[in-house]
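S.K.: Following this line is data_26.tsv, made up of TSV, C-alpha atoms:
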chain	number	residue	atom	x	y	z
A	1	VAL	CA	0.00	0.00	0.00
A	2	LEU	CA	1.31	3.45	-0.96
A	3	LEU	CA	0.13	6.36	1.17
A	4	THR	CA	0.40	9.63	-0.78
A	5	SER	CA	-1.78	12.19	0.99
A	6	GLY	CA	0.84	14.83	1.73
A	7	SER	CA	2.16	16.36	4.92
A	8	ILE	CA	-1.32	16.92	6.34
A	9	GLY	CA	-3.27	13.96	5.01
A	10	SER	CA	-0.71	11.19	5.47
A	11	PRO	CA	-0.17	11.68	9.23
A	12	GLN	CA	-3.92	12.13	9.66
A	13	ILE	CA	-4.62	8.78	8.01
A	14	LEU	CA	-1.91	7.05	10.07
A	15	LEU	CA	-3.29	8.49	13.29
A	16	LEU	CA	-6.87	7.53	12.44
A	17	SER	CA	-5.57	4.02	11.72
A	18	GLY	CA	-3.96	3.74	15.15
A	19	VAL	CA	-0.39	4.45	14.09
A	20	GLY	CA	1.13	7.35	16.00
A	21	PRO	CA	1.75	8.68	19.52
A	22	ALA	CA	-0.08	6.35	21.93
A	23	SER	CA	-0.90	9.20	24.31
A	24	GLN	CA	-2.74	11.17	21.61
A	25	LEU	CA	-4.57	8.11	20.29
A	26	ASN	CA	-5.68	6.95	23.73
A	27	LYS	CA	-7.20	10.36	24.52
A	28	LEU	CA	-9.35	10.10	21.41
A	29	GLY	CA	-10.38	6.51	22.01
A	30	ILE	CA	-8.45	5.16	19.04
A	31	SER	CA	-7.01	1.67	19.40
A	32	VAL	CA	-3.21	1.80	19.19
A	33	LYS	CA	-1.88	-0.47	16.44
A	34	HIS	CA	1.68	0.80	16.66
A	35	ASN	CA	3.18	3.52	18.85
A	36	LEU	CA	5.14	5.89	16.58
A	37	GLU	CA	5.76	9.07	18.54
A	38	GLU	CA	6.85	11.27	15.63
A	39	VAL	CA	3.81	10.84	13.39
A	40	GLY	CA	2.50	14.37	12.83
A	41	LYS	CA	5.55	16.02	14.38
A	42	ASN	CA	8.31	17.96	12.58
A	43	LEU	CA	5.95	20.00	10.36
A	44	GLN	CA	7.96	22.51	8.31
A	45	ASP	CA	6.98	25.13	5.78
A	46	HIS	CA	8.30	28.24	4.03
A	47	PRO	CA	6.50	31.08	5.84
A	48	ALA	CA	5.72	34.01	3.56
A	49	THR	CA	4.84	37.69	3.71
A	50	VAL	CA	4.04	40.22	0.98
A	51	VAL	CA	5.15	43.67	-0.13
A	52	SER	CA	2.65	44.97	-2.69
A	53	TYR	CA	2.31	48.11	-4.82
A	54	GLN	CA	-0.35	49.71	-6.98
A	55	CYS	CA	0.84	50.97	-10.35
A	56	SER	CA	1.01	54.66	-11.15
A	57	PRO	CA	-1.57	56.14	-13.57
A	58	GLY	CA	-1.10	55.24	-17.22
A	59	ASN	CA	-0.32	51.56	-16.61
A	60	ASP	CA	-3.79	50.12	-17.05
A	61	GLY	CA	-3.74	46.51	-18.20
A	62	VAL	CA	-0.08	45.70	-17.51
A	63	SER	CA	-0.70	43.26	-14.65
A	64	THR	CA	-1.23	39.54	-15.12
A	65	SER	CA	-4.50	39.87	-13.19
A	66	SER	CA	-5.79	42.34	-15.80
A	67	LYS	CA	-4.74	40.20	-18.76
A	68	LEU	CA	-6.51	37.12	-17.41
A	69	ARG	CA	-9.96	38.73	-17.17
A	70	ILE	CA	-12.42	40.62	-19.34
A	71	PRO	CA	-12.26	44.09	-17.71
A	72	GLY	CA	-14.83	44.67	-14.99
A	73	THR	CA	-15.86	41.01	-14.81
A	74	THR	CA	-14.73	37.69	-13.38
A	75	ILE	CA	-14.96	36.10	-16.83
A	76	PRO	CA	-11.67	34.68	-18.17
A	77	ASN	CA	-10.31	36.61	-21.14
A	78	PRO	CA	-10.40	34.32	-24.21
A	79	LEU	CA	-7.52	36.26	-25.75
A	80	SER	CA	-5.18	34.81	-23.11
A	81	PHE	CA	-6.19	31.29	-24.08
A	82	ILE	CA	-5.85	32.02	-27.80
A	83	GLN	CA	-2.39	33.49	-27.24
A	84	TRP	CA	-1.31	30.41	-25.32
A	85	ALA	CA	-2.84	27.97	-27.83
A	86	LEU	CA	-1.36	29.64	-30.91
A	87	THR	CA	1.99	30.95	-29.71
A	88	GLY	CA	2.71	29.23	-26.39
A	89	SER	CA	3.13	32.62	-24.76
A	90	GLY	CA	1.22	34.99	-22.50
A	91	PRO	CA	-0.05	34.94	-18.90
A	92	LEU	CA	-1.22	31.32	-19.05
A	93	THR	CA	2.39	30.14	-19.42
A	94	SER	CA	3.26	31.54	-16.00
A	95	SER	CA	2.66	30.14	-12.53
A	96	ALA	CA	2.40	33.81	-11.44
A	97	CYS	CA	5.44	33.64	-9.17
A	98	ASP	CA	8.08	32.13	-11.47
A	99	HIS	CA	10.49	35.07	-11.24
A	100	GLY	CA	12.58	35.87	-8.21
A	101	ALA	CA	15.84	35.49	-6.38
A	102	TYR	CA	17.59	33.59	-3.60
A	103	VAL	CA	19.49	35.86	-1.23
A	104	LYS	CA	21.77	35.59	1.78
A	105	THR	CA	20.68	37.95	4.54
A	106	ASP	CA	24.10	37.32	6.08
A	107	PRO	CA	27.12	37.09	3.73
A	108	ASN	CA	28.70	34.52	6.04
A	109	LEU	CA	25.96	31.97	5.36
A	110	GLU	CA	26.79	28.92	3.26
A	111	SER	CA	23.58	29.18	1.25
A	112	PRO	CA	20.69	31.64	0.77
A	113	ASP	CA	18.15	31.86	3.59
A	114	LEU	CA	15.71	34.20	1.83
A	115	GLN	CA	13.65	33.75	-1.32
A	116	LEU	CA	11.95	36.63	-3.14
A	117	ARG	CA	9.16	35.88	-5.62
A	118	PHE	CA	7.98	38.59	-8.01
A	119	ILE	CA	4.29	38.59	-8.90
A	120	ALA	CA	2.96	40.87	-11.64
A	121	ALA	CA	-0.23	41.66	-9.77
A	122	ARG	CA	-1.38	43.79	-6.84
A	123	ALA	CA	-2.34	41.94	-3.68
A	124	ILE	CA	-5.98	42.01	-2.59
A	125	ALA	CA	-5.05	41.14	0.98
A	126	ALA	CA	-1.82	41.15	2.97
A	127	ASP	CA	-2.21	37.38	3.31
A	128	GLY	CA	-1.23	35.99	-0.08
A	129	MET	CA	-3.48	32.95	0.28
A	130	ASN	CA	-6.51	35.20	0.81
A	131	THR	CA	-5.59	37.06	-2.38
A	132	LEU	CA	-5.72	33.77	-4.30
A	133	THR	CA	-9.12	32.80	-2.89
A	134	GLU	CA	-10.67	36.26	-3.23
A	135	PHE	CA	-9.43	36.94	-6.76
A	136	LYS	CA	-12.06	34.68	-8.33
A	137	ASN	CA	-14.80	36.93	-6.93
A	138	THR	CA	-13.06	40.27	-7.57
A	139	LYS	CA	-14.32	42.06	-10.68
A	140	THR	CA	-11.95	45.01	-10.50
A	141	LEU	CA	-8.38	44.86	-9.26
A	142	PRO	CA	-6.11	47.87	-9.88
A	143	ASP	CA	-2.90	47.08	-11.72
A	144	GLY	CA	0.15	46.55	-9.57
A	145	PHE	CA	2.89	44.15	-8.56
A	146	SER	CA	4.07	42.32	-5.45
A	147	VAL	CA	7.16	40.74	-3.93
A	148	GLN	CA	6.58	37.71	-1.74
A	149	CYS	CA	9.28	37.16	0.90
A	150	LEU	CA	9.90	33.58	2.07
A	151	VAL	CA	12.16	32.06	4.67
A	152	ALA	CA	14.06	29.56	2.52
A	153	ARG	CA	15.59	27.55	5.38
A	154	PRO	CA	13.27	27.97	8.37
A	155	GLN	CA	14.14	26.42	11.71
A	156	SER	CA	10.65	26.69	13.20
A	157	LYS	CA	8.59	23.51	13.40
A	158	GLY	CA	4.94	22.68	14.01
A	159	SER	CA	2.70	19.63	14.10
A	160	VAL	CA	-0.44	17.92	12.81
A	161	GLU	CA	-2.83	16.36	15.33
A	162	LEU	CA	-6.26	14.79	15.19
A	163	ARG	CA	-9.26	16.86	16.21
A	164	SER	CA	-11.30	13.72	16.84
A	165	LYS	CA	-11.53	10.15	15.64
A	166	ASN	CA	-14.04	11.21	13.01
A	167	PRO	CA	-12.20	11.10	9.66
A	168	LYS	CA	-14.40	13.94	8.34
A	169	ASP	CA	-13.08	16.36	10.96
A	170	LYS	CA	-10.18	18.44	9.75
A	171	PRO	CA	-6.96	17.91	11.73
A	172	ILE	CA	-5.41	20.52	13.99
A	173	ILE	CA	-2.52	22.15	12.14
A	174	LYS	CA	-0.03	24.00	14.30
A	175	SER	CA	2.26	25.84	11.91
A	176	GLY	CA	4.87	26.64	14.53
A	177	TYR	CA	5.81	29.79	12.62
A	178	PHE	CA	8.40	31.87	14.48
A	179	THR	CA	9.03	29.37	17.26
A	180	TYR	CA	12.62	30.02	16.15
A	181	ASN	CA	13.32	33.75	16.43
A	182	ASN	CA	15.71	34.06	13.49
A	183	ASP	CA	12.96	33.18	11.00
A	184	ILE	CA	11.13	36.47	11.54
A	185	LYS	CA	14.42	38.34	11.21
A	186	VAL	CA	14.92	36.81	7.76
A	187	MET	CA	11.43	37.90	6.70
A	188	ARG	CA	12.05	41.41	8.03
A	189	GLU	CA	15.20	41.67	5.95
A	190	GLY	CA	13.19	40.39	2.99
A	191	ILE	CA	10.70	43.23	3.29
A	192	LYS	CA	13.51	45.78	3.51
A	193	LEU	CA	15.22	44.31	0.44
A	194	ALA	CA	11.95	44.19	-1.54
A	195	ARG	CA	11.36	47.87	-0.80
A	196	LYS	CA	14.91	48.70	-1.84
A	197	LEU	CA	14.51	46.86	-5.14
A	198	VAL	CA	11.19	48.52	-5.94
A	199	SER	CA	12.66	51.96	-5.20
A	200	SER	CA	15.23	51.46	-8.00
A	201	LYS	CA	14.98	53.25	-11.34
A	202	VAL	CA	13.70	50.24	-13.26
A	203	PHE	CA	10.41	50.49	-11.39
A	204	ASP	CA	9.98	54.26	-11.82
A	205	LYS	CA	7.56	53.83	-14.73
A	206	TYR	CA	5.27	51.48	-12.79
A	207	ARG	CA	5.67	52.31	-9.11
A	208	GLY	CA	2.65	54.07	-7.66
A	209	PHE	CA	2.16	53.63	-3.93
A	210	GLU	CA	2.80	50.85	-1.44
A	211	VAL	CA	-0.36	48.98	-0.46
A	212	TYR	CA	1.18	46.42	1.92
A	213	PRO	CA	2.69	46.74	4.48
A	214	GLY	CA	2.06	50.46	3.79
A	215	PRO	CA	4.36	53.50	4.01
A	216	ASP	CA	3.67	53.99	7.72
A	217	ILE	CA	5.22	50.60	8.60
A	218	THR	CA	8.89	51.50	9.00
A	219	THR	CA	10.42	50.39	12.30
A	220	ASP	CA	11.58	46.83	12.98
A	221	GLU	CA	8.84	46.42	15.57
A	222	GLN	CA	6.16	47.59	13.14
A	223	ILE	CA	7.49	45.32	10.39
A	224	ASP	CA	7.59	42.34	12.78
A	225	ASN	CA	4.00	43.00	13.84
A	226	TYR	CA	2.93	43.15	10.21
A	227	ILE	CA	4.69	39.85	9.49
A	228	LYS	CA	3.13	38.11	12.49
A	229	SER	CA	-0.37	39.26	11.56
A	230	THR	CA	-0.13	38.36	7.85
A	231	VAL	CA	2.23	35.37	7.63
A	232	HIS	CA	0.95	32.66	5.32
A	233	THR	CA	2.03	29.38	3.81
A	234	ALA	CA	4.10	29.17	0.65
A	235	ASN	CA	2.61	25.70	0.07
A	236	ALA	CA	5.76	23.79	0.93
A	237	LEU	CA	4.61	21.58	3.82
A	238	VAL	CA	6.99	18.73	4.64
A	239	GLY	CA	8.30	16.53	7.44
A	240	THR	CA	5.36	15.05	9.36
A	241	CYS	CA	6.29	11.43	8.56
A	242	ARG	CA	10.03	11.90	8.82
A	243	MET	CA	12.44	9.51	7.12
A	244	GLY	CA	15.48	8.26	9.00
A	245	SER	CA	17.56	5.34	10.17
A	246	ASP	CA	16.93	6.04	13.86
A	247	GLU	CA	14.28	4.47	16.07
A	248	GLY	CA	12.13	7.62	16.11
A	249	ALA	CA	11.78	7.89	12.34
A	250	VAL	CA	8.33	7.24	10.86
A	251	VAL	CA	9.68	5.68	7.64
A	252	ASP	CA	12.97	4.01	6.83
A	253	PRO	CA	15.24	4.97	3.90
A	254	TYR	CA	13.10	2.80	1.63
A	255	LEU	CA	9.90	4.72	2.55
A	256	ARG	CA	8.53	1.78	4.58
A	257	VAL	CA	6.55	2.72	7.68
A	258	ASN	CA	8.46	1.42	10.68
A	259	GLY	CA	6.60	-1.35	12.49
A	260	ILE	CA	3.95	-1.78	9.77
A	261	LYS	CA	4.27	-4.35	7.00
A	262	LYS	CA	3.59	-3.56	3.34
A	263	LEU	CA	2.97	0.16	3.83
A	264	ARG	CA	5.07	2.97	2.35
A	265	ILE	CA	4.63	6.72	2.37
A	266	VAL	CA	5.46	8.46	-0.90
A	267	ASP	CA	5.06	12.22	-0.54
A	268	SER	CA	6.71	15.32	0.95
A	269	SER	CA	5.86	14.30	4.51
A	270	VAL	CA	8.90	11.96	4.55
A	271	MET	CA	11.43	14.79	4.10
A	272	PRO	CA	13.41	15.14	7.34
A	273	SER	CA	14.15	18.81	6.64
A	274	ILE	CA	12.71	21.29	4.20
A	275	PRO	CA	14.67	22.06	1.01
A	276	GLY	CA	15.91	25.60	0.50
A	277	GLY	CA	13.69	25.98	-2.59
A	278	GLN	CA	10.37	24.75	-3.90
A	279	THR	CA	9.48	21.23	-2.82
A	280	ALA	CA	7.83	19.96	-6.04
A	281	ALA	CA	11.00	18.60	-7.66
A	282	ALA	CA	12.05	16.84	-4.45
A	283	THR	CA	8.60	15.27	-4.12
A	284	ILE	CA	8.75	13.99	-7.69
A	285	MET	CA	12.18	12.52	-6.92
A	286	ILE	CA	10.73	10.69	-3.90
A	287	ALA	CA	8.02	9.20	-6.12
A	288	GLU	CA	10.59	8.07	-8.69
A	289	LYS	CA	12.71	6.44	-6.00
A	290	ALA	CA	9.62	4.66	-4.70
A	291	VAL	CA	9.17	3.12	-8.16
A	292	ASP	CA	12.77	1.93	-8.07
A	293	PHE	CA	12.25	0.33	-4.66
A	294	LEU	CA	9.13	-1.45	-5.83
A	295	LEU	CA	10.75	-2.74	-9.01
A	296	ILE	CA	13.68	-4.27	-7.13
A	297	ASN	CA	11.32	-5.46	-4.37
A	298	GLN	CA	13.32	-3.61	-1.71
Take the structure I supplied and represent it as structure tokens, if you would.
M.R.:
Amino acid sequence: VLLTSGSIGSPQILLLSGVGPASQLNKLGISVKHNLEEVGKNLQDHPATVVSYQCSPGNDGVSTSSKLRIPGTTIPNPLSFIQWALTGSGPLTSSACDHGAYVKTDPNLESPDLQLRFIAARAIAADGMNTLTEFKNTKTLPDGFSVQCLVARPQSKGSVELRSKNPKDKPIIKSGYFTYNNDIKVMREGIKLARKLVSSKVFDKYRGFEVYPGPDITTDEQIDNYIKSTVHTANALVGTCRMGSDEGAVVDPYLRVNGIKKLRIVDSSVMPSIPGGQTAAATIMIAEKAVDFLLINQ
């Protein structure tokens, strides 16, 4: 059996099946099949915050959000589809945040700890996930652009726990954001760098005014408060069914659940630590290795 429900769903299914911390399962009246203390622990993510601007007058229609819609409606613009179908170009070829940079906030670091993602659209809300969900109902969105700031190598960790033994109840997700103080420092430096970049000459033609955090948010304390109140996921959840060779690991190096026969987990939940970039490629690699293991009957 291959369990592939991701860093939220896979630990939830294990826990509902009686595989996980005995103390948690006993409280919920779930029969313990195998006591695995780390199921649902070690949740990691790339926390994100946004710096967003509205374009200056005279730039109507330059944003991706404007090109995707018939103006003043929520109806998709057929011209975008035609452009993609005939030329393989245009807004439909973009994931919206496929431009950016990896940066060291400290030159002494071995690798970048900050990721900046440029988005050719103005944010609707300071929480980037709310912008995504509200856009489908927004008929008019002024043209603009945003820079999303992510902690590339966060040290903070959270957990996934059961709300009840009812499989229809959503689990309790504790993000653990900023349980490690340096993570918020990295995001603060990201906001400062994003503002510095946008203040450069190349943006003079497009830069109108700052929407988020807003021009009044200037001190470190104010920036930190903004980050804490608007932090959101960058959709990179990993780690809740950690792989390892030690006794506490949920799966072994061959993706087999420790203590359970004929069950493997094949998704991002097995990553012991979060990659410094997007997790999609690493997840695909895990799936390809799982195929190798199955073919050699390992």
S.K.: Residues near Phe81 of chain A, anyone? I mean within 10 Å using only C-alpha atoms, not counting same-chain ones fewer than 3 positions away, as an MDAnalysis selection string.
M.R.: chainID A and resid 68 76:78 84:93
S.K.: Identify which of the residues A:Leu116, A:Ile173, A:Ile75, A:Leu2 lies closest to Arg256 of chain A, counting all atoms listed in the file when measuring atom-to-atom distances.
M.R.: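 Among the listed residues, the smallest separation from Arg256 of chain A belongs to A:Leu2.
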S.K.: Would you compute the distance between atom CA of Glu134 of chain A and atom CA of Thr74 of chain A? Give it in Å to one decimal.
M.R.: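 Going from atom CA of Glu134 of chain A over to atom CA of Thr74 of chain A, I get 11.0 Å.
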S.K.: If you count all atoms listed in the file, which residues fall within 9 Å of Ala120 of chain A, apart from same-chain ones fewer than 2 positions away, as a list in words?
M.R.: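 So the residues in contact are Val62, Ser63, Thr64, Ser65, Ala96, Cys97, Phe118, Arg122, Asp143, Gly144, Phe145, Ser146 and Val147 of chain A.
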S.K.: Please, which residues in segment 51-114 of chain A fall within 9 Å of segment 188-198 of chain A when counting only C-alpha atoms, and what is the closest atom pair and distance in Å to one decimal for each, ordered by chain then residue number, as JSON lines?
M.R.:
{"residue": "A:Val51", "atom": "CA", "partner": "A:Ile191", "partner_atom": "CA", "distance": 6.5}
{"residue": "A:Tyr53", "atom": "CA", "partner": "A:Val198", "partner_atom": "CA", "distance": 9.0}
{"residue": "A:Val103", "atom": "CA", "partner": "A:Gly190", "partner_atom": "CA", "distance": 8.8}
{"residue": "A:Thr105", "atom": "CA", "partner": "A:Glu189", "partner_atom": "CA", "distance": 6.8}
{"residue": "A:Leu114", "atom": "CA", "partner": "A:Gly190", "partner_atom": "CA", "distance": 6.8}
S.K.: Could you write those residues out with C-alpha atoms, as a PDB file, in the frame of the given file?
M.R.:
ATOM      1  CA  VAL A  51       5.150  43.670  -0.130  1.00  0.00           C
ATOM      2  CA  TYR A  53       2.310  48.110  -4.820  1.00  0.00           C
ATOM      3  CA  VAL A 103      19.490  35.860  -1.230  1.00  0.00           C
ATOM      4  CA  THR A 105      20.680  37.950   4.540  1.00  0.00           C
ATOM      5  CA  LEU A 114      15.710  34.200   1.830  1.00  0.00           C
TER       6      LEU A 114
END
S.K.: Go through A:Gln148, A:Ala282, A:Ala290, A:Glu38 one by one, measure the shortest atom-to-atom distance of each to Gly244 of chain A using all atoms listed in the file, and give the residue with the smallest value.
M.R.: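 Of A:Gln148, A:Ala282, A:Ala290, A:Glu38, the one nearest Gly244 of chain A, counting all atoms listed in the file, is A:Glu38.
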S.K.: Have a look at A:Gly29, A:Gly100, A:Pro171, A:Pro142 and name the one nearest to Asp60 of chain A; count all atoms listed in the file.
M.R.: A:Pro142
S.K.: Just to confirm, what's the straight-line distance from atom CA of Asn26 of chain A to atom CA of Ser164 of chain A in Å (one decimal)?
M.R.: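 Separating atom CA of Asn26 of chain A from atom CA of Ser164 of chain A is a distance of 11.2 Å.
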S.K.: At a cut-off of 6 Å, using all atoms listed in the file, what residues contact Gln44 of chain A? Leave out same-chain residues fewer than 6 positions from it and give the result as a ChimeraX atom specification.
M.R.: /A:157,237-238
